[in-house]
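Reading through the structure tokens given below for one structure.
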Number of protein chains: 2
Amino acid sequence: MPRLVMKFGGTSVANLDRIRRVAKRVGVEVAKGYDVIVVVSAMSGKTNELVGWVGETGAFFDAREYDAVVSSAENVTAGLLALTLQENGIDARSWQGWQVPVQTNSAHSSARIGAIPSDNLDAKFRQGMRVAVVAGFQGISPEGRITTLGRGGSDTTAVAFAAAFDAERCDIYTDVDGVYTTDPRITSKARKLDRIAFEEMLELASLGAKVLQTRSVELAMRYKVKLRVLSSFEEMSDDAGTLVCDEEDIMESNVVAGVAFSRDEAKMTLVSVADRPGVSAAIFGPLAEAGVNVDMIVQNIAEDGRTDMTFSLPVDQVAHAEKAVRDAMAREEINFHDLIADEGVSKVSVVGIGMRSHAGVAARMFKALSAEGINIKVITTSEIKISVLIDRKYMELAVQALHDTFELEKI
Amino acid sequence: MPRLVMKFGGTSVANLDRIRRVAKRVGVEVAKGYDVIVVVSAMSGKTNELVGWVGETGAFFDAREYDAVVSSAENVTAGLLALTLQENGIDARSWQGWQVPVQTNSAHSSARIGAIPSDNLDAKFRQGMRVAVVAGFQGISPEGRITTLGRGGSDTTAVAFAAAFDAERCDIYTDVDGVYTTDPRITSKARKLDRIAFEEMLELASLGAKVLQTRSVELAMRYKVKLRVLSSFEEMSDDAGTLVCDEEDIMESNVVAGVAFSRDEAKMTLVSVADRPGVSAAIFGPLAEAGVNVDMIVQNIAEDGRTDMTFSLPVDQVAHAEKAVRDAMAREEINFHDLIADEGVSKVSVVGIGMRSHAGVAARMFKALSAEGINIKVITTSEIKISVLIDRKYMELAVQALHDTFELEKI
């Protein structure tokens with residue numbers, strides 16, 4: 001029988017009423033003839049309760065014990081959903097990570113899945129089981145200890161099962177009804193996308209459209225797992241949500257799929273620094289060690305053996321970054337004229353695989369911003385994304401203008 | 001190194017403060033040189049929450065899923081205690097039932113422990129682990145599913161570990177400080193026993209002194225595990241609590257160890273029933289099938305081929321029992337004169353292994369009751385127990401009189 005993976009997040013299984021609703025949805029797919037693997041998160045709030053208790057035991061704790069404690073919440077949901085499905089007459093059972101087994105490495109609290117041998121579940125499916133309810137977010141290490149995959153790891157669990165069991169699709173039920181061309185709170189013209197390419201999704205996710213865990217999208221892309229994001233709070237239909245899929249599965253893609261943004265950015269410029277090999281490493285090495293999330297990096301053309309180095313970072317890391325840079329410059333005896341921070345910028349990006357074959361996207365973008373009188377402070381480009389830093393007060397205006405320019409309301 | 005098993009119930013681990021107190025107690029035993037196996041219950045209230053959710057899924061549920069859900073609560077306590085011990089500098093780790101493994105049969109929700117292979121824990125003890133924190137109440141079936149041992153099963157887990165690991169003693173920490181000669185609410189002369197024989201404990205437990213699960217005492221008796229019952233809320237000392245042990249370990253046992261009672265009993269008499277083979281079976285078979293907990297059974301001497309059959313039962317089962325008996329008599333066409341229920345009786349028992357070698361205990365008991373003007377309605381005796389049914393209004397008086405007569409305040 002064809003297989004389907006369905007994943008339900010914490011708010012979708014927050015209480016017994018919602019679990020019953022989930023069971024109903026699963027039942028619809030079973031009735032269509034699918035053997036279903038359901039991956040569940042903890043009932044919302046439960047993981048935080050457990051994490052809180054672990055925190056109370058002390059500041060530094062054994063990640064192996066953390067994992068053993070925290071993973072218990074998913075086991076509860078898995079059992080309750082299996083029971084509810086049985087109550088609906090569906091042959092279902094729960095599976096904890098070690099029972100499947102979901103084999104991971106030993107990097108506790110942020111483990112990576114190595115393999116999911118399919119023998120155990122396959123045998124049960126052959127015996128008539130229609131639904132395997134799998135506790136998400138967890139696995140077992142080579143040492144036989146329980147591991148967890150890190151926050152949001154249930155998405156990754158779902159995709160890994162879809163790959164291991166050759167599922168037709170992996171449906172991620174969440175509290176949003178799909179991926180939008182931009183945040184509907186910024187413009188009412190925002191539209192839900194029917195399809196989006198993995199690469200686009202990765203660019204949008206890392207830019208703040210936090211619908212899916214980045215790792216799960218990467219995994220889906222590698223194994224060509226069709227991912228569908230849809231809401232567990234709306235009526236079911238076959239074309240609900242957004243399908244995240246291979247580029248080739250998108251017939252006619254728009255040049256631009258969406259406009260992403262990140263409000264609270266800052267820009268730092270190291271003015272007139274000696275332009276010699278090793279300078280970049282001397283700056284960004286210490287920043288990485290200090291835990292600063294450097295995003296865009298721009299180096300202007302060097303003049304007289306000196307250059308300006310600009311980078312963006314989250315606004316709340318500015319003080320931290322400034323100290324790291326000044327210390328590094330002193331230690332390495334690198335001379336520079338000034339270190340300037342601009343804490344009032346936002347990042348706006350247009351993303352789309354269509355850019356690869358369409359020239360002039362950047363020009364259209366800059367023209368639209370210029371028409372609104374918005375000054376561009378920094379530009380970076382990748383194959384399918386163009387990002388700019390602008391004054392924060394223009395952020396909404398920029399998003400709206402770009403959404404209009406690329407006619408995203410017509411998607 | 002010598003081994004010790006310590007077991008902590010739900011109220012002893014109800015929150016992080018109490019878990020810290022438990023860790024301190026465990027640390028004291030580690031400092032004495034013991035390798036310790038700690039068996040923990042769920043934080044109080046947690047099991048009930050989980051059981052409630054399972055109940056919400058439907059009236060008839062899969063016991064395998066029930067076990068998977070409910071067992072998760074003990075895993076949380078085990079991890080939290082291991083973390084707290086580590087915080088105190090003690091090499092500790094948590095063990096879930098399947099990790100040890102605690103091998104049980106497949107009787108889900110009331111599984112019995114078959115074996116506890118010691119290899120895994122032994123290997124870790126050799127590597128320097130000082131404390132194994134074991135999630136109580138759970139195990140793994142031959143099919144690889146999680147099982148639970150039934151309510152109070154953590155006591156049984158503790159005793160089974162003490163037997164499997166040849167522990168010097170099994171300390172059961174609870175919210176009472178030991179086993180008393182009788183309920184201190186009935187007489188202030190009640191005294192805590194320093195030692196009590198397994199057999200006595202079994203008789204007292206089934207009579208209402210609900211300190212230890214009966215199964216755990218039976219298991220301890222079979223494997224000669226020294227059990228100590230003590231309070232987790234009092235100061236530690238080497239002679240705290242009550243040691244439940246083999247008869248041979250009690251130097252000078254009192255004739256009577258305690259006075260037990262059961263307040264809400266009823267007595268039913270089937271008057272003038274035909275005395276022929278099969279009549280007892282015809283009465284008590286249907287009662288057992290109806291779920292009536294028949295306790296004492298007395299048959300008077302037969303006259304003219306007819307006899308009176310009297311039995312005791314919990315007062316709230318009288319109506320149920322009456323119907324079962326009348327139906328059975330009609331079905332089997334057994335003639336009887338009357339069926340009389342007395343719903344106003346209590347049971348009072350004296351228990352003591354000393355009775356085996358001391359004659360006259362029954363006589364002293366009856367004399368003491370008679371001196372208070374208390375009429376005895378039914379008497380049954382076993383090797384180490386004499387029980388009587390009396391009018392309920394005399395129950396306290398009877399317990400006090402017997403406690404005085406056997407000088408239990410001097411224990």
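Following the order of the structure tokens, chains are lettered A, B, ..., residues in each are numbered from 1, and ligands are numbered from 1.
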Residue list for chain B near chain A as a PyMOL selection string, 10 Å, only C-alpha atoms: chain B and resi 15-17+19-20+50+53-88+92-96+98-99+144-146
Going by DSSP on the backbone, which bits of range 105-160 of chain A are strand (DSSP E or B)? Write them as a short mmCIF file (atom, residue, chain, number, x, y, z; two decimals) with N, CA and C atoms, in the first residue's frame, please.
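Done, and the output landed in part.cif:
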data_model
loop_
_atom_site.label_atom_id
_atom_site.label_comp_id
_atom_site.auth_asym_id
_atom_site.auth_seq_id
_atom_site.Cartn_x
_atom_site.Cartn_y
_atom_site.Cartn_z
N ILE A 113 20.07 11.99 12.82
CA ILE A 113 19.62 10.65 12.50
C ILE A 113 20.58 10.01 11.52
N GLY A 114 21.03 8.79 11.83
CA GLY A 114 21.91 8.07 10.92
C GLY A 114 21.12 7.16 10.01
N ALA A 115 20.24 6.36 10.59
CA ALA A 115 19.45 5.42 9.81
C ALA A 115 18.17 5.07 10.56
N VAL A 131 -1.62 2.30 11.07
CA VAL A 131 -0.98 3.56 11.49
C VAL A 131 0.09 3.28 12.53
N ALA A 132 1.31 3.75 12.25
CA ALA A 132 2.37 3.73 13.25
C ALA A 132 2.49 5.14 13.80
N VAL A 133 2.23 5.30 15.09
CA VAL A 133 2.35 6.63 15.69
C VAL A 133 3.73 6.72 16.33
N VAL A 134 4.57 7.56 15.76
CA VAL A 134 5.97 7.64 16.17
C VAL A 134 6.20 8.88 17.03
N ALA A 135 6.84 8.70 18.16
CA ALA A 135 7.22 9.83 19.00
C ALA A 135 8.34 10.59 18.30
N GLN A 138 13.10 12.22 18.85
CA GLN A 138 13.96 11.36 19.66
C GLN A 138 14.53 10.19 18.88
N GLY A 139 15.60 9.62 19.41
CA GLY A 139 16.21 8.44 18.82
C GLY A 139 17.02 7.72 19.88
N ILE A 140 17.87 6.82 19.41
CA ILE A 140 18.70 6.06 20.33
C ILE A 140 20.14 6.09 19.83
N ILE A 146 18.94 7.36 25.16
CA ILE A 146 17.96 8.13 24.41
C ILE A 146 18.57 9.45 23.99
N THR A 147 18.35 9.80 22.73
CA THR A 147 18.85 11.09 22.23
C THR A 147 17.66 11.95 21.80
N THR A 148 17.87 13.26 21.74
CA THR A 148 16.87 14.11 21.10
C THR A 148 17.56 14.92 20.00
#
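Of the residues under consideration (A:His337, A:Lys267, A:Arg195, A:Lys124), A:Arg195 shows the shortest atom-to-atom contact distance to Gly241 in chain A when counting only C-alpha atoms.
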Close residues, Lys226 in chain B itself excluded, 9 Å, only C-alpha atoms, min 5 positions apart in chain, as an NGL selection string: :B and (159 or 162 or 167-171 or 220-221 or 243-246)
Selection file, N, CA and C atoms, as an mmCIF file, in the first residue's frame:
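So out36.cif came out as:
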data_model
loop_
_atom_site.group_PDB
_atom_site.id
_atom_site.type_symbol
_atom_site.label_atom_id
_atom_site.label_comp_id
_atom_site.auth_asym_id
_atom_site.auth_seq_id
_atom_site.Cartn_x
_atom_site.Cartn_y
_atom_site.Cartn_z
ATOM 1 N N VAL B 159 12.339 -4.482 45.313
ATOM 2 C CA VAL B 159 12.682 -5.776 45.908
ATOM 3 C C VAL B 159 13.328 -6.680 44.861
ATOM 4 N N ALA B 162 16.831 -5.697 44.490
ATOM 5 C CA ALA B 162 17.612 -6.105 45.663
ATOM 6 C C ALA B 162 17.969 -7.584 45.558
ATOM 7 N N ALA B 167 21.566 -7.246 47.123
ATOM 8 C CA ALA B 167 21.748 -6.050 47.951
ATOM 9 C C ALA B 167 21.705 -6.408 49.438
ATOM 10 N N GLU B 168 22.450 -5.642 50.211
ATOM 11 C CA GLU B 168 22.493 -5.888 51.645
ATOM 12 C C GLU B 168 21.116 -5.639 52.259
ATOM 13 N N ARG B 169 20.384 -4.676 51.673
ATOM 14 C CA ARG B 169 19.087 -4.309 52.229
ATOM 15 C C ARG B 169 18.315 -3.525 51.169
ATOM 16 N N CYS B 170 17.014 -3.500 51.324
ATOM 17 C CA CYS B 170 16.171 -2.703 50.424
ATOM 18 C C CYS B 170 15.390 -1.718 51.277
ATOM 19 N N ASP B 171 15.753 -0.448 51.197
ATOM 20 C CA ASP B 171 15.099 0.576 52.018
ATOM 21 C C ASP B 171 13.955 1.216 51.256
ATOM 22 N N ALA B 220 10.051 -10.394 48.624
ATOM 23 C CA ALA B 220 11.144 -10.239 49.591
ATOM 24 C C ALA B 220 11.271 -11.503 50.440
ATOM 25 N N MET B 221 10.131 -12.067 50.804
ATOM 26 C CA MET B 221 10.139 -13.276 51.624
ATOM 27 C C MET B 221 10.780 -14.419 50.854
ATOM 28 N N LEU B 243 12.235 -2.867 60.153
ATOM 29 C CA LEU B 243 12.858 -3.862 59.293
ATOM 30 C C LEU B 243 11.903 -5.045 59.122
ATOM 31 N N VAL B 244 11.557 -5.315 57.869
ATOM 32 C CA VAL B 244 10.716 -6.479 57.583
ATOM 33 C C VAL B 244 11.676 -7.587 57.177
ATOM 34 N N CYS B 245 11.698 -8.671 57.930
ATOM 35 C CA CYS B 245 12.772 -9.638 57.715
ATOM 36 C C CYS B 245 12.312 -11.055 58.003
ATOM 37 N N ASP B 246 13.225 -11.946 57.808
ATOM 38 C CA ASP B 246 12.947 -13.344 58.070
ATOM 39 C C ASP B 246 12.759 -13.526 59.565
#
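Residue nearest Gly352 in chain A, chosen from A:Glu203, A:Glu396, A:Asp327, A:Asp264 and counting only C-alpha atoms: A:Glu203.
The smallest atom-to-atom distance between Phe165 in chain B and any of B:Met1, B:Ile379, B:Ile283, B:Met251, using only C-alpha atoms, is found for B:Met1.
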Range 58-257 of chain B: residues DSSP assigns to helix (DSSP H, G or I), reported as an NGL selection string: :B and (63-70 or 72-87 or 97-99 or 119-126 or 153-164 or 198-206 or 214-223 or 247-249)
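Between CA of Lys192 in chain B and CA of Lys224 in chain B the separation is 22.3 Å.
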Within 7 Å of Asp275 in chain B, counting only C-alpha atoms, which residues qualify if same-chain residues fewer than 3 places away don't, as a JSON list (two decimals) with N, CA and C atoms, in the first residue's frame?
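To be explicit, this is the file written out as out18.json:
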[["chain", "number", "residue", "atom", "x", "y", "z"],
["B", 279, "VAL", "N", -22.32, -27.67, 47.64],
["B", 279, "VAL", "CA", -23.07, -26.48, 48.05],
["B", 279, "VAL", "C", -22.15, -25.27, 48.18],
["B", 302, "ALA", "N", -23.43, -29.30, 60.86],
["B", 302, "ALA", "CA", -24.68, -29.66, 60.20],
["B", 302, "ALA", "C", -25.60, -30.44, 61.14],
["B", 305, "GLY", "N", -28.97, -32.83, 58.21],
["B", 305, "GLY", "CA", -28.67, -32.62, 56.79],
["B", 305, "GLY", "C", -28.75, -31.16, 56.35],
["B", 306, "ARG", "N", -28.82, -30.24, 57.32],
["B", 306, "ARG", "CA", -28.88, -28.82, 56.96],
["B", 306, "ARG", "C", -27.82, -28.07, 57.76],
["B", 307, "THR", "N", -27.36, -26.91, 57.24],
["B", 307, "THR", "CA", -26.30, -26.18, 57.92],
["B", 307, "THR", "C", -26.50, -24.67, 57.72]]
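The smallest atom-to-atom distance between Glu200 in chain A and any of A:Val51, A:Ala371, A:Val179, A:Val388, using only C-alpha atoms, is found for A:Val179.
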